[in-house]
Amino acid sequence: EKEPYCKEGDKDKDGYDLMCKLEVSVKPSISDVVMRYIRIREGLSNAKEQDFCNAYVSAQSELNALSEDIRELALQDVKDIFQSFVDKIWTEVDSISVKVSARDCSPKKRLEDLKKYFCLPERLLAKVQEFDNFCTALSLYEEGLALMKKGKNTQALDKFRSAVKIKENFSDPYIAMGDIYRQEKRYEDAVHMYKRAIDFSPSDATPYIKLADTYMAMMKFQDAEITLRKAIDILGEKGGHDLYYKRALALFELQRYDEASEPARKAIELISQKPEIKYDTELRKTLAEYKILLGRTYAETQRKEEAIRELKEALEINPFSDSALLYLARAFSESDDKSKLKEAKSFYDKLFSLDSRFAKDGKIRYDYVLLLEKIGVEEQDLISALENVLKYDKTNQEAYIKLARLYSKNPGYQDLAETNYKRAFELSQNNPDYLVEYVDFLIKRGKYDVAKKTIENYFQSTEKKDDKV
């Protein structure tokens, strides 16, 4: 550009006229090589992102044809432009990484576009591919969960298998497959899946907890206890009260009663700290179950008073707890004190008034019979109790013989007595003591032929003669 140095008539500081007619014009001389480089550079700088890799490869090829005096400088300059492009993509991928880690795969389309940028460093492309694989696997996993909720387990398993085929170290589908197998009682398969999840997420407590639950269902209490301990170690103070309860239960089943009391107490402590424990009915029932387990551990270690205290507190929390009633009845049944035996009876009576699984358990009903015998109740009450035993357990030979003896005392019940004697003898697998009592009853009734036939059958079946018989 032409610019005047000054205006005509201007003077310097000493008063002399300036040479204002002078004009300066500067025109740089740029070689064709430099101009060519500039055009290449501008083409790369202005290339659209999706065309950058092609432009970069083309630019490198063209720059290699330049003369040596500018080639090195030009190549370094283009390399800097490329690095700026890479840095920009890295920054974006780091941002995407945060979203993907939070299970937000909204950038899935962007990841698919980035995969096409072939000139990016291999490490960056691998990271893009990794996130894209995870999002694809996550989509399959979520489809599997939706199918699972609809009860379509077979289709759900197909989705989960496809997910881990794409992203092998994605632990969630393994956990979901384990859940399906556990639900279907395919426990060995469930164990395998939970262990795979642990392999890929060793610091996640979830698969450990589910694995422990599976071991409990398999009655593998030793494995369950070890696995629960690992889950508790991972969670630390965040470990829930239920984990400590499960560990206490596993130790109880292993008959390690002294060890079981510590996690049982911890479970009670943690659940009691919850503010909602004062009004949440279900949570209070859970607290009652925890106290029942602690009471049982005390009972097994001969800490009777502490056991009764915990069981009574459980019953106060949940007056309809069949477990609390049962174990209190058993605790008081061990006494020789008549008043405590009667208290045990009251607990049994309340238990049997509930629609409970224990009320329909023949073995528990027979324990009640033994208690009534200790108390010395009326024979009619004993007969009623024994009839209830046989209502729920038709294989209890002791109940049949006891009932037969009671019936035999009443002239109107002789046929029933005979039926019960016979059933007791049959269930005893030819016990000679039962045989003698049965035959003696038959003789007293004058049924000599039946008595003789019964003895002959006994000799024939046992192929021996018993002196007592």
# chains A, B, ... in the order shown; residues from 1 in each chain; ligands from 1

call {"tool": "residues_around", "arguments": {"residues": "Gln273 (chain A)", "least_positions_apart": "3", "cutoff": "12 Å", "atoms": "only C-alpha atoms", "output": "list in words"}}
result
Gly240, His241, Lys266, Ala267, Ile268, Glu269, Leu270, Glu276, Ile277, Lys278, Leu283, Arg284 and Leu287 of chain A

call {"tool": "write_last_selection", "arguments": {"atoms": "N, CA and C atoms", "output": "compact mmCIF listing (two decimals), in the first residue's frame"}}
result
# COMPACT_ATOMS: atom_id res chain seq x y z
N GLY A 240 -24.63 -53.22 54.15
CA GLY A 240 -25.96 -53.17 54.72
C GLY A 240 -26.16 -54.19 55.84
N HIS A 241 -27.20 -53.95 56.65
CA HIS A 241 -27.50 -54.84 57.76
C HIS A 241 -27.80 -56.26 57.29
N LYS A 266 -24.26 -57.02 64.92
CA LYS A 266 -23.96 -55.92 64.00
C LYS A 266 -25.17 -55.62 63.11
N ALA A 267 -25.84 -56.65 62.65
CA ALA A 267 -27.03 -56.47 61.82
C ALA A 267 -28.11 -55.72 62.60
N ILE A 268 -28.29 -56.09 63.86
CA ILE A 268 -29.29 -55.42 64.71
C ILE A 268 -28.91 -53.96 64.94
N GLU A 269 -27.63 -53.73 65.16
CA GLU A 269 -27.14 -52.35 65.40
C GLU A 269 -27.40 -51.47 64.17
N LEU A 270 -27.08 -51.98 62.99
CA LEU A 270 -27.22 -51.18 61.76
C LEU A 270 -28.68 -50.90 61.42
N GLU A 276 -36.39 -44.75 60.00
CA GLU A 276 -37.72 -45.28 59.69
C GLU A 276 -38.07 -46.54 60.48
N ILE A 277 -37.13 -47.03 61.29
CA ILE A 277 -37.37 -48.25 62.07
C ILE A 277 -38.54 -48.06 63.03
N LYS A 278 -38.85 -46.81 63.37
CA LYS A 278 -39.91 -46.53 64.34
C LYS A 278 -41.32 -46.76 63.77
N LEU A 283 -39.71 -53.20 58.03
CA LEU A 283 -38.37 -53.08 58.60
C LEU A 283 -38.35 -53.60 60.03
N ARG A 284 -39.41 -53.36 60.77
CA ARG A 284 -39.49 -53.85 62.15
C ARG A 284 -39.59 -55.38 62.18
N LEU A 287 -36.14 -56.57 61.76
CA LEU A 287 -35.42 -56.46 63.03
C LEU A 287 -35.78 -57.63 63.95

call {"tool": "atom_distance", "arguments": {"atom1": "CA of Arg103 (chain A)", "atom2": "CA of Met177 (chain A)"}}
result
19.6 Å

call {"tool": "residues_around", "arguments": {"residues": "region 373-378 of chain A", "least_positions_apart": "4", "cutoff": "12 Å", "atoms": "only C-alpha atoms", "output": "ChimeraX atom specification"}}
result
/A:333-345,366-369,382-386,402,406

call {"tool": "residues_around", "arguments": {"residues": "region 132-136 of chain A", "least_positions_apart": "2", "cutoff": "8 Å", "atoms": "only C-alpha atoms", "output": "count of residues only"}}
result
16

call {"tool": "atom_distance", "arguments": {"atom1": "CA of Glu259 (chain A)", "atom2": "CA of Glu237 (chain A)"}}
result
19.7 Å

call {"tool": "residues_around", "arguments": {"residues": "Asn64 (chain A)", "least_positions_apart": "3", "cutoff": "12 Å", "atoms": "only C-alpha atoms", "output": "PyMOL selection string"}}
result
chain A and resi 37+40+57-61+67-76+78

call {"tool": "closest_residue", "arguments": {"among": "A:Ser31, A:Glu418, A:Val450, A:Lys13", "to": "Glu437 (chain A)", "atoms": "only C-alpha atoms"}}
result
A:Glu418

call {"tool": "closest_residue", "arguments": {"among": "A:Arg41, A:Lys79, A:Lys127, A:Lys394", "to": "Arg423 (chain A)", "atoms": "only C-alpha atoms"}}
result
A:Lys394

call {"tool": "closest_atom_pairs", "arguments": {"of": "region 195-218 of chain A", "to": "region 245-252 of chain A", "cutoff": "10 Å", "atoms": "only C-alpha atoms", "output": "JSON lines"}}
result
{"residue": "A:Ile209", "atom": "CA", "partner": "A:Lys246", "partner_atom": "CA", "distance": 9.5}
{"residue": "A:Ala212", "atom": "CA", "partner": "A:Lys246", "partner_atom": "CA", "distance": 8.7}
{"residue": "A:Asp213", "atom": "CA", "partner": "A:Lys246", "partner_atom": "CA", "distance": 8.4}
{"residue": "A:Tyr215", "atom": "CA", "partner": "A:Ala250", "partner_atom": "CA", "distance": 9.7}
{"residue": "A:Met216", "atom": "CA", "partner": "A:Ala250", "partner_atom": "CA", "distance": 7.4}
